[in-house]
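Engineer: Here you go, this is coords23.cif (mmCIF, C-alpha atoms).
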data_final
#
loop_
_atom_site.group_PDB
_atom_site.id
_atom_site.type_symbol
_atom_site.label_atom_id
_atom_site.label_comp_id
_atom_site.auth_asym_id
_atom_site.auth_seq_id
_atom_site.Cartn_x
_atom_site.Cartn_y
_atom_site.Cartn_z
ATOM 1 C CA MET O 1 -20.610 -25.682 22.736
ATOM 2 C CA LYS O 2 -19.715 -24.636 26.308
ATOM 3 C CA GLN O 3 -16.602 -26.786 26.333
ATOM 4 C CA LEU O 4 -15.463 -25.353 23.021
ATOM 5 C CA GLN O 5 -16.039 -21.816 24.297
ATOM 6 C CA GLU O 6 -14.020 -22.446 27.450
ATOM 7 C CA LYS O 7 -11.241 -23.958 25.407
ATOM 8 C CA ALA O 8 -11.145 -20.958 23.077
ATOM 9 C CA LYS O 9 -11.270 -18.477 25.972
ATOM 10 C CA GLN O 10 -8.239 -19.985 27.624
ATOM 11 C CA ARG O 11 -5.987 -18.570 24.967
ATOM 12 C CA GLN O 12 -6.256 -14.956 23.914
ATOM 13 C CA LEU O 13 -8.249 -13.986 20.847
ATOM 14 C CA GLY O 14 -6.082 -14.115 17.752
ATOM 15 C CA ASP O 15 -3.477 -16.178 19.540
ATOM 16 C CA SER O 16 -4.050 -19.240 17.409
ATOM 17 C CA LEU O 17 -1.278 -21.051 15.571
ATOM 18 C CA ILE O 18 -3.161 -21.091 12.258
ATOM 19 C CA ILE O 19 -3.519 -17.321 12.056
ATOM 20 C CA LYS O 20 0.061 -16.667 13.159
ATOM 21 C CA THR O 21 1.546 -19.068 10.638
ATOM 22 C CA ALA O 22 -0.569 -17.748 7.781
ATOM 23 C CA VAL O 23 0.314 -14.145 8.625
ATOM 24 C CA ARG O 24 4.003 -14.991 8.885
ATOM 25 C CA LEU O 25 3.817 -16.604 5.445
ATOM 26 C CA MET O 26 1.921 -13.776 3.812
ATOM 27 C CA VAL O 27 3.401 -10.554 5.194
ATOM 28 C CA PRO O 28 6.631 -10.558 3.081
ATOM 29 C CA PHE O 29 4.641 -11.157 -0.090
ATOM 30 C CA ILE O 30 2.190 -8.394 0.792
ATOM 31 C CA GLN O 31 5.096 -5.983 1.235
ATOM 32 C CA LEU O 32 6.657 -7.102 -2.055
ATOM 33 C CA PHE O 33 3.327 -6.527 -3.785
ATOM 34 C CA GLY O 34 3.072 -3.072 -2.219
ATOM 35 C CA LEU O 35 6.501 -2.151 -3.616
ATOM 36 C CA TYR O 36 5.447 -3.536 -7.014
ATOM 37 C CA VAL O 37 2.312 -1.387 -7.000
ATOM 38 C CA ILE O 38 4.345 1.732 -6.149
ATOM 39 C CA VAL O 39 7.055 1.115 -8.748
ATOM 40 C CA HIS O 40 4.698 -0.034 -11.514
ATOM 41 C CA GLY O 41 2.268 2.787 -10.795
ATOM 42 C CA HIS O 42 2.813 4.814 -13.939
ATOM 43 C CA TYR O 43 2.368 1.883 -16.353
ATOM 44 C CA SER O 44 -0.571 0.071 -14.784
ATOM 45 C CA PRO O 45 -3.316 0.655 -12.196
ATOM 46 C CA GLY O 46 -1.806 1.568 -8.849
ATOM 47 C CA GLY O 47 0.547 4.258 -7.669
ATOM 48 C CA GLY O 48 1.971 5.797 -4.552
ATOM 49 C CA PHE O 49 -1.162 6.004 -2.471
ATOM 50 C CA GLN O 50 -2.382 2.482 -3.208
ATOM 51 C CA GLY O 51 1.028 0.909 -2.699
ATOM 52 C CA GLY O 52 1.484 2.823 0.536
ATOM 53 C CA VAL O 53 -1.852 1.548 1.807
ATOM 54 C CA ILE O 54 -0.839 -2.053 1.000
ATOM 55 C CA LEU O 55 2.520 -1.604 2.775
ATOM 56 C CA GLY O 56 0.783 -0.096 5.798
ATOM 57 C CA ALA O 57 -1.804 -2.891 5.834
ATOM 58 C CA SER O 58 0.967 -5.469 6.155
ATOM 59 C CA PHE O 59 2.179 -3.850 9.392
ATOM 60 C CA ILE O 60 -1.418 -3.522 10.635
ATOM 61 C CA LEU O 61 -1.895 -7.250 9.921
ATOM 62 C CA LEU O 62 1.170 -7.997 12.059
ATOM 63 C CA ALA O 63 -0.234 -5.869 14.884
ATOM 64 C CA LEU O 64 -3.618 -7.608 14.599
ATOM 65 C CA ALA O 65 -2.368 -11.192 14.445
ATOM 66 C CA PHE O 66 0.376 -10.922 17.068
ATOM 67 C CA ASP O 67 0.303 -7.797 19.215
ATOM 68 C CA MET O 68 1.535 -4.245 18.942
ATOM 69 C CA LYS O 69 4.949 -5.030 20.405
ATOM 70 C CA THR O 70 5.701 -7.355 17.482
ATOM 71 C CA SER O 71 4.865 -4.618 15.020
ATOM 72 C CA PHE O 72 7.072 -2.197 17.002
ATOM 73 C CA LYS O 73 9.883 -4.713 16.590
ATOM 74 C CA HIS O 74 9.558 -4.531 12.821
ATOM 75 C CA MET O 75 8.985 -0.796 12.633
ATOM 76 C CA SER O 76 9.533 1.333 15.716
ATOM 77 C CA GLU O 77 7.784 4.636 16.335
ATOM 78 C CA LYS O 78 10.957 6.563 15.623
ATOM 79 C CA VAL O 79 11.514 4.922 12.219
ATOM 80 C CA ASN O 80 7.837 5.427 11.467
ATOM 81 C CA ALA O 81 8.001 9.158 12.154
ATOM 82 C CA ILE O 82 11.233 9.490 10.146
ATOM 83 C CA LEU O 83 9.738 7.655 7.152
ATOM 84 C CA GLY O 84 6.567 9.751 7.196
ATOM 85 C CA ASN O 85 8.445 13.026 7.270
ATOM 86 C CA LEU O 86 10.915 11.770 4.650
ATOM 87 C CA GLY O 87 8.045 10.944 2.307
ATOM 88 C CA ALA O 88 6.511 14.397 2.613
ATOM 89 C CA ALA O 89 9.987 15.945 2.227
ATOM 90 C CA ILE O 90 10.646 13.993 -0.992
ATOM 91 C CA PHE O 91 7.357 15.197 -2.463
ATOM 92 C CA ILE O 92 7.877 18.859 -1.556
ATOM 93 C CA GLY O 93 11.607 18.690 -2.315
ATOM 94 C CA VAL O 94 11.177 17.382 -5.869
ATOM 95 C CA GLY O 95 8.547 20.044 -6.525
ATOM 96 C CA LEU O 96 10.675 22.842 -5.079
ATOM 97 C CA ILE O 97 13.825 21.762 -6.950
ATOM 98 C CA CYS O 98 11.811 21.870 -10.186
ATOM 99 C CA ALA O 99 10.722 25.406 -9.314
ATOM 100 C CA LEU O 100 14.272 26.462 -8.297
ATOM 101 C CA VAL O 101 15.929 25.376 -11.545
ATOM 102 C CA GLY O 102 13.500 27.352 -13.660
ATOM 103 C CA GLY O 103 10.302 25.356 -14.202
ATOM 104 C CA LEU O 104 6.946 25.409 -12.476
ATOM 105 C CA PHE O 105 6.227 23.587 -9.191
ATOM 106 C CA LEU O 106 6.354 19.810 -9.950
ATOM 107 C CA ASP O 107 7.270 20.469 -13.607
ATOM 108 C CA TYR O 108 9.744 17.577 -13.867
ATOM 109 C CA SER O 109 11.011 18.408 -17.357
ATOM 110 C CA ALA O 110 12.921 21.342 -15.816
ATOM 111 C CA LEU O 111 15.158 18.834 -13.982
ATOM 112 C CA ASN O 112 16.772 18.153 -17.368
ATOM 113 C CA ILE O 113 19.237 20.950 -16.540
ATOM 114 C CA ILE O 114 20.725 19.029 -13.587
ATOM 115 C CA ILE O 115 21.020 15.559 -15.158
ATOM 116 C CA PRO O 116 20.435 15.590 -18.927
ATOM 117 C CA LEU O 117 18.198 12.611 -19.681
ATOM 118 C CA GLY O 118 15.697 14.342 -21.944
ATOM 119 C CA PRO O 119 12.485 16.088 -20.847
ATOM 120 C CA VAL O 120 10.151 13.148 -21.649
ATOM 121 C CA GLU O 121 12.239 10.689 -19.607
ATOM 122 C CA TRP O 122 12.408 13.186 -16.751
ATOM 123 C CA ARG O 123 8.596 13.529 -16.716
ATOM 124 C CA SER O 124 8.284 9.728 -16.321
ATOM 125 C CA PHE O 125 11.066 9.478 -13.718
ATOM 126 C CA GLY O 126 9.859 12.519 -11.759
ATOM 127 C CA ILE O 127 6.432 10.949 -11.282
ATOM 128 C CA PHE O 128 8.205 7.861 -9.937
ATOM 129 C CA LEU O 129 10.185 9.968 -7.418
ATOM 130 C CA VAL O 130 7.061 11.749 -6.221
ATOM 131 C CA GLU O 131 5.164 8.472 -5.893
ATOM 132 C CA VAL O 132 7.882 6.956 -3.715
ATOM 133 C CA GLY O 133 7.437 9.956 -1.416
ATOM 134 C CA VAL O 134 3.651 9.594 -1.375
ATOM 135 C CA GLY O 135 3.952 5.853 -0.652
ATOM 136 C CA LEU O 136 6.278 6.358 2.326
ATOM 137 C CA ALA O 137 4.074 9.079 3.814
ATOM 138 C CA VAL O 138 0.836 7.124 3.371
ATOM 139 C CA MET O 139 2.344 3.948 4.852
ATOM 140 C CA SER O 140 3.618 5.584 8.026
ATOM 141 C CA ILE O 141 0.458 7.626 8.569
ATOM 142 C CA MET O 142 -1.765 4.536 8.151
ATOM 143 C CA VAL O 143 0.276 2.539 10.657
ATOM 144 C CA LEU O 144 0.416 5.469 13.098
ATOM 145 C CA LEU O 145 -3.364 5.956 12.888
ATOM 146 C CA TYR O 146 -3.965 2.270 13.616
ATOM 147 C CA TRP O 147 -1.540 2.231 16.569
ATOM 148 C CA ASN O 148 -3.096 5.306 18.115
ATOM 149 C CA ILE O 149 -6.731 4.346 17.628
ATOM 150 C CA SER O 150 -6.443 0.703 18.679
ATOM 151 C CA SER O 151 -4.656 1.555 21.938
ATOM 152 C CA SER O 152 -6.663 4.758 22.546
ATOM 153 C CA GLY O 153 -3.528 6.892 22.350
ATOM 154 C CA LYS O 154 -1.408 4.999 24.879
ATOM 155 C CA MET O 155 0.639 2.969 22.339
ATOM 156 C CA ASP O 156 1.051 0.056 24.733
ATOM 157 C CA GLU O 157 -1.109 -3.040 24.187
ATOM 158 C CA GLY O 158 -3.422 -2.670 21.260
ATOM 159 C CA LEU O 159 -6.395 -4.914 20.547
ATOM 160 C CA MET H 1 -6.759 -25.112 -24.094
ATOM 161 C CA SER H 2 -9.681 -22.696 -24.236
ATOM 162 C CA ILE H 3 -12.136 -25.581 -23.728
ATOM 163 C CA ILE H 4 -10.384 -26.597 -20.496
ATOM 164 C CA ALA H 5 -10.380 -22.946 -19.426
ATOM 165 C CA ALA H 6 -14.109 -22.689 -20.127
ATOM 166 C CA ILE H 7 -14.791 -25.865 -18.148
ATOM 167 C CA LEU H 8 -12.807 -24.536 -15.172
ATOM 168 C CA ILE H 9 -14.600 -21.168 -15.255
ATOM 169 C CA VAL H 10 -18.032 -22.826 -15.466
ATOM 170 C CA LEU H 11 -17.103 -25.068 -12.523
ATOM 171 C CA GLY H 12 -16.056 -21.961 -10.599
ATOM 172 C CA LEU H 13 -19.398 -20.332 -11.416
ATOM 173 C CA PHE H 14 -21.205 -23.443 -10.157
ATOM 174 C CA PHE H 15 -19.360 -23.317 -6.825
ATOM 175 C CA PHE H 16 -19.965 -19.575 -6.486
ATOM 176 C CA SER H 17 -23.699 -20.051 -7.023
ATOM 177 C CA ALA H 18 -23.752 -22.941 -4.550
ATOM 178 C CA GLY H 19 -22.007 -20.728 -1.980
ATOM 179 C CA THR H 20 -24.467 -17.894 -2.589
ATOM 180 C CA LEU H 21 -27.380 -20.282 -2.186
ATOM 181 C CA GLY H 22 -25.840 -21.457 1.080
ATOM 182 C CA ILE H 23 -25.434 -17.909 2.402
ATOM 183 C CA LEU H 24 -29.046 -17.121 1.572
ATOM 184 C CA ARG H 25 -30.713 -20.330 2.762
ATOM 185 C CA LEU H 26 -28.747 -21.783 5.687
ATOM 186 C CA PRO H 27 -30.164 -21.021 9.144
ATOM 187 C CA ASP H 28 -27.411 -19.500 11.321
ATOM 188 C CA PHE H 29 -24.010 -17.798 11.360
ATOM 189 C CA TYR H 30 -21.749 -20.839 11.487
ATOM 190 C CA THR H 31 -23.428 -22.752 8.678
ATOM 191 C CA ARG H 32 -23.506 -19.652 6.481
ATOM 192 C CA LEU H 33 -19.807 -19.075 7.083
ATOM 193 C CA HIS H 34 -19.182 -22.729 6.261
ATOM 194 C CA ALA H 35 -20.863 -22.279 2.877
ATOM 195 C CA ALA H 36 -19.174 -18.964 2.156
ATOM 196 C CA GLY H 37 -15.659 -19.993 3.151
ATOM 197 C CA LYS H 38 -15.488 -23.360 1.440
ATOM 198 C CA CYS H 39 -17.224 -22.474 -1.802
ATOM 199 C CA ASP H 40 -15.583 -19.110 -2.258
ATOM 200 C CA SER H 41 -12.021 -20.269 -1.797
ATOM 201 C CA LEU H 42 -12.438 -23.194 -4.211
ATOM 202 C CA ALA H 43 -14.436 -21.156 -6.731
ATOM 203 C CA ALA H 44 -11.984 -18.261 -6.765
ATOM 204 C CA VAL H 45 -9.063 -20.629 -7.332
ATOM 205 C CA LEU H 46 -10.877 -22.422 -10.181
ATOM 206 C CA PHE H 47 -11.709 -19.068 -11.779
ATOM 207 C CA VAL H 48 -8.128 -17.847 -11.594
ATOM 208 C CA LEU H 49 -6.775 -21.120 -12.972
ATOM 209 C CA GLY H 50 -9.221 -20.908 -15.875
ATOM 210 C CA ILE H 51 -8.171 -17.358 -16.672
ATOM 211 C CA ALA H 52 -4.480 -18.340 -16.443
ATOM 212 C CA LEU H 53 -5.021 -21.138 -18.961
ATOM 213 C CA TYR H 54 -6.932 -18.746 -21.210
ATOM 214 C CA THR H 55 -4.039 -16.244 -21.227
ATOM 215 C CA LEU H 56 -1.600 -19.079 -22.082
ATOM 216 C CA GLN H 57 -3.291 -19.585 -25.485
ATOM 217 C CA ASP H 58 -0.575 -17.635 -27.293
ATOM 218 C CA LEU H 59 2.770 -18.534 -25.777
ATOM 219 C CA SER H 60 4.756 -15.326 -25.396
ATOM 220 C CA PHE H 61 6.851 -13.849 -22.597
ATOM 221 C CA GLY H 62 4.087 -11.477 -21.522
ATOM 222 C CA SER H 63 1.369 -14.110 -21.328
ATOM 223 C CA ILE H 64 3.572 -16.512 -19.358
ATOM 224 C CA LEU H 65 4.411 -13.718 -16.907
ATOM 225 C CA LEU H 66 0.693 -12.925 -16.551
ATOM 226 C CA ALA H 67 -0.114 -16.597 -15.957
ATOM 227 C CA ILE H 68 2.539 -16.840 -13.229
ATOM 228 C CA LYS H 69 1.076 -13.775 -11.500
ATOM 229 C CA LEU H 70 -2.410 -15.298 -11.679
ATOM 230 C CA LEU H 71 -1.127 -18.579 -10.210
ATOM 231 C CA LEU H 72 0.418 -16.614 -7.329
ATOM 232 C CA VAL H 73 -2.984 -14.994 -6.747
ATOM 233 C CA ALA H 74 -4.520 -18.479 -6.587
ATOM 234 C CA VAL H 75 -1.926 -19.665 -4.043
ATOM 235 C CA PHE H 76 -2.489 -16.682 -1.772
ATOM 236 C CA VAL H 77 -6.290 -16.918 -1.977
ATOM 237 C CA PHE H 78 -5.905 -20.562 -0.965
ATOM 238 C CA ILE H 79 -3.875 -19.528 2.103
ATOM 239 C CA ALA H 80 -5.800 -16.409 3.108
ATOM 240 C CA SER H 81 -9.448 -17.365 2.664
ATOM 241 C CA PRO H 82 -9.551 -20.358 5.054
ATOM 242 C CA THR H 83 -7.489 -18.386 7.591
ATOM 243 C CA ALA H 84 -9.970 -15.511 7.528
ATOM 244 C CA THR H 85 -12.872 -17.944 7.934
ATOM 245 C CA HIS H 86 -11.108 -19.556 10.891
ATOM 246 C CA ALA H 87 -10.477 -16.178 12.568
ATOM 247 C CA ILE H 88 -14.106 -15.037 12.144
ATOM 248 C CA THR H 89 -15.477 -18.334 13.465
ATOM 249 C CA GLU H 90 -13.237 -18.279 16.521
ATOM 250 C CA ALA H 91 -14.195 -14.691 17.323
ATOM 251 C CA ALA H 92 -17.884 -15.605 17.031
ATOM 252 C CA LEU H 93 -17.382 -18.628 19.296
ATOM 253 C CA ILE H 94 -15.677 -16.552 21.994
ATOM 254 C CA LEU H 95 -18.354 -13.859 21.812
ATOM 255 C CA GLY H 96 -20.944 -16.595 22.307
ATOM 256 C CA VAL H 97 -22.930 -16.754 19.096
ATOM 257 C CA LYS H 98 -25.273 -19.695 19.600
ATOM 258 C CA PRO H 99 -25.484 -22.372 16.905
ATOM 259 C CA TRP H 100 -28.853 -23.159 15.401
ATOM 260 C CA GLU H 101 -31.001 -25.928 16.824
ATOM 261 C CA ARG H 102 -34.243 -27.322 15.544
ATOM 262 C CA THR H 103 -36.873 -25.879 17.882
ATOM 263 C CA LYS H 104 -40.166 -27.067 16.419
ATOM 264 C CA LYS H 105 -40.625 -30.797 16.485
ATOM 265 C CA ARG H 106 -42.167 -32.345 13.450
ATOM 266 C CA LYS H 107 -45.436 -34.194 13.826
ATOM 267 C CA ALA H 108 -44.867 -37.896 13.566
#
Written as structure tokens, that's how I'd like the structure from this file.
Structural biologist:
Amino acid sequence: MKQLQEKAKQRQLGDSLIIKTAVRLMVPFIQLFGLYVIVHGHYSPGGGFQGGVILGASFILLALAFDMKTSFKHMSEKVNAILGNLGAAIFIGVGLICALVGGLFLDYSALNIIIPLGPVEWRSFGIFLVEVGVGLAVMSIMVLLYWNISSSGKMDEGL
Amino acid sequence: MSIIAAILIVLGLFFFSAGTLGILRLPDFYTRLHAAGKCDSLAAVLFVLGIALYTLQDLSFGSILLAIKLLLVAVFVFIASPTATHAITEAALILGVKPWERTKKRKA
């Protein structure tokens, strides 16, 4: 028992080869599944929020299994902030464009004036646009919350 | 096909109940995690395989697509569940959770 404990303490917690290999195998598939949940959201269970949470969880898994610098390599703070603001801007922008061309706020069928696809198709496609925005915003905010909380605001080492 | 699916699902149920019994009855953290990790990963995979076979009863494009998705779920459960068990056990070992030892000696 003691020997095992000493052996495990010599390397850092979470620094084991098994965990790293499994995470490296699984992260791309988790991100693919997150995109699938976002895109398939208006036919099946899922949607922007859920897909965004899955995408954010993949980056949090990277930060947990390796360290925070590895997750910065894959998504830096700057890109994170840009993606979060872009997501919110897509949501508000689609709603405001609908209002500007003569409908109500987020009334997608009004977008038919710009590109004539038919009001029913525009309702389906408009939900997709808004959900992409929600997914981006949720992903970046989740990752930012984890970074800040796990390093107590310093954004250096993490857990 | 549905008979094989039923056999697989019943086997999965058996392993799940064995794992639950282990979690309830075994004495300390490590042995409970042993029961939970082993039984749950095998049982979940058997369950998913059974359901995949059951959806393949009528061969159409949709059912084959569904079966492939279910098989992918099985593969990833098989990768993720043992890894999670390993991570939890190592954390417990480093924090110094003591394994169970028989304290009372039986009368000869």
Engineer: Could you list, as a ChimeraX atom specification, the residues of chain H having an atom within 12 Å of chain O when counting only C-alpha atoms?
Structural biologist: /H:69,72-73,75-101
Engineer: Hey, can you check how far CA of Ala67 (chain H) sits from CA of Ala35 (chain H)?
Structural biologist: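 Separation between CA of Ala67 (chain H) and CA of Ala35 (chain H): 28.6 Å.
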Engineer: Just the number, please: distance in Å from CA of Leu106 (chain O) to CA of Gly87 (chain O), one decimal.
Structural biologist: 15.2 Å
Engineer: Give me the residues within 10 Å of Phe16 (chain H) as a ChimeraX atom specification, counting only C-alpha atoms and dropping any in the same chain fewer than 6 places off.
Structural biologist: /H:10,22,35-36,38-44,47
Engineer: Can you pull out the residues contacting region 88-91 of chain O? Cut-off 12 Å, using all atoms listed in the file, and skip same-chain residues under 5 positions away; I want them as a PyMOL selection string.
Structural biologist: chain O and resi 48+81-83+96-98+105-106+108+126-141
Engineer: Quick one, how far is CA of Glu121 (chain O) from CA of Ser109 (chain O)?
Structural biologist: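 Distance between the two atoms: 8.1 Å.
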Engineer: Which residues are near region 52-62 of chain H? Cut-off 9 Å, only C-alpha atoms, ignore same chain within fewer than 2 positions. Put them as a list in words.
Structural biologist: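 Listing them by chain and then by number gives Met1, Ser2, Ile3, Ile4, Ala5, Ala6, Phe47, Val48, Leu49, Gly50, Ile64, Leu65, Leu66, Ala67, Ile68, Lys69, Leu70 and Leu71 of chain H.
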Engineer: Find the residue from O:Ser44, O:Gly102, O:Gln31, O:Leu145 that sits nearest to Glu77 (chain O); use all atoms listed in the file when measuring.
Structural biologist: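 Going through O:Ser44, O:Gly102, O:Gln31, O:Leu145 one by one, the smallest distance to Glu77 (chain O) is for O:Leu145.
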Engineer: Using all atoms listed in the file, pick whichever of H:Ala74, H:Ser63, H:Ala18, H:Pro27 has the shortest atom-to-atom distance to Arg102 (chain H).
Structural biologist: H:Pro27
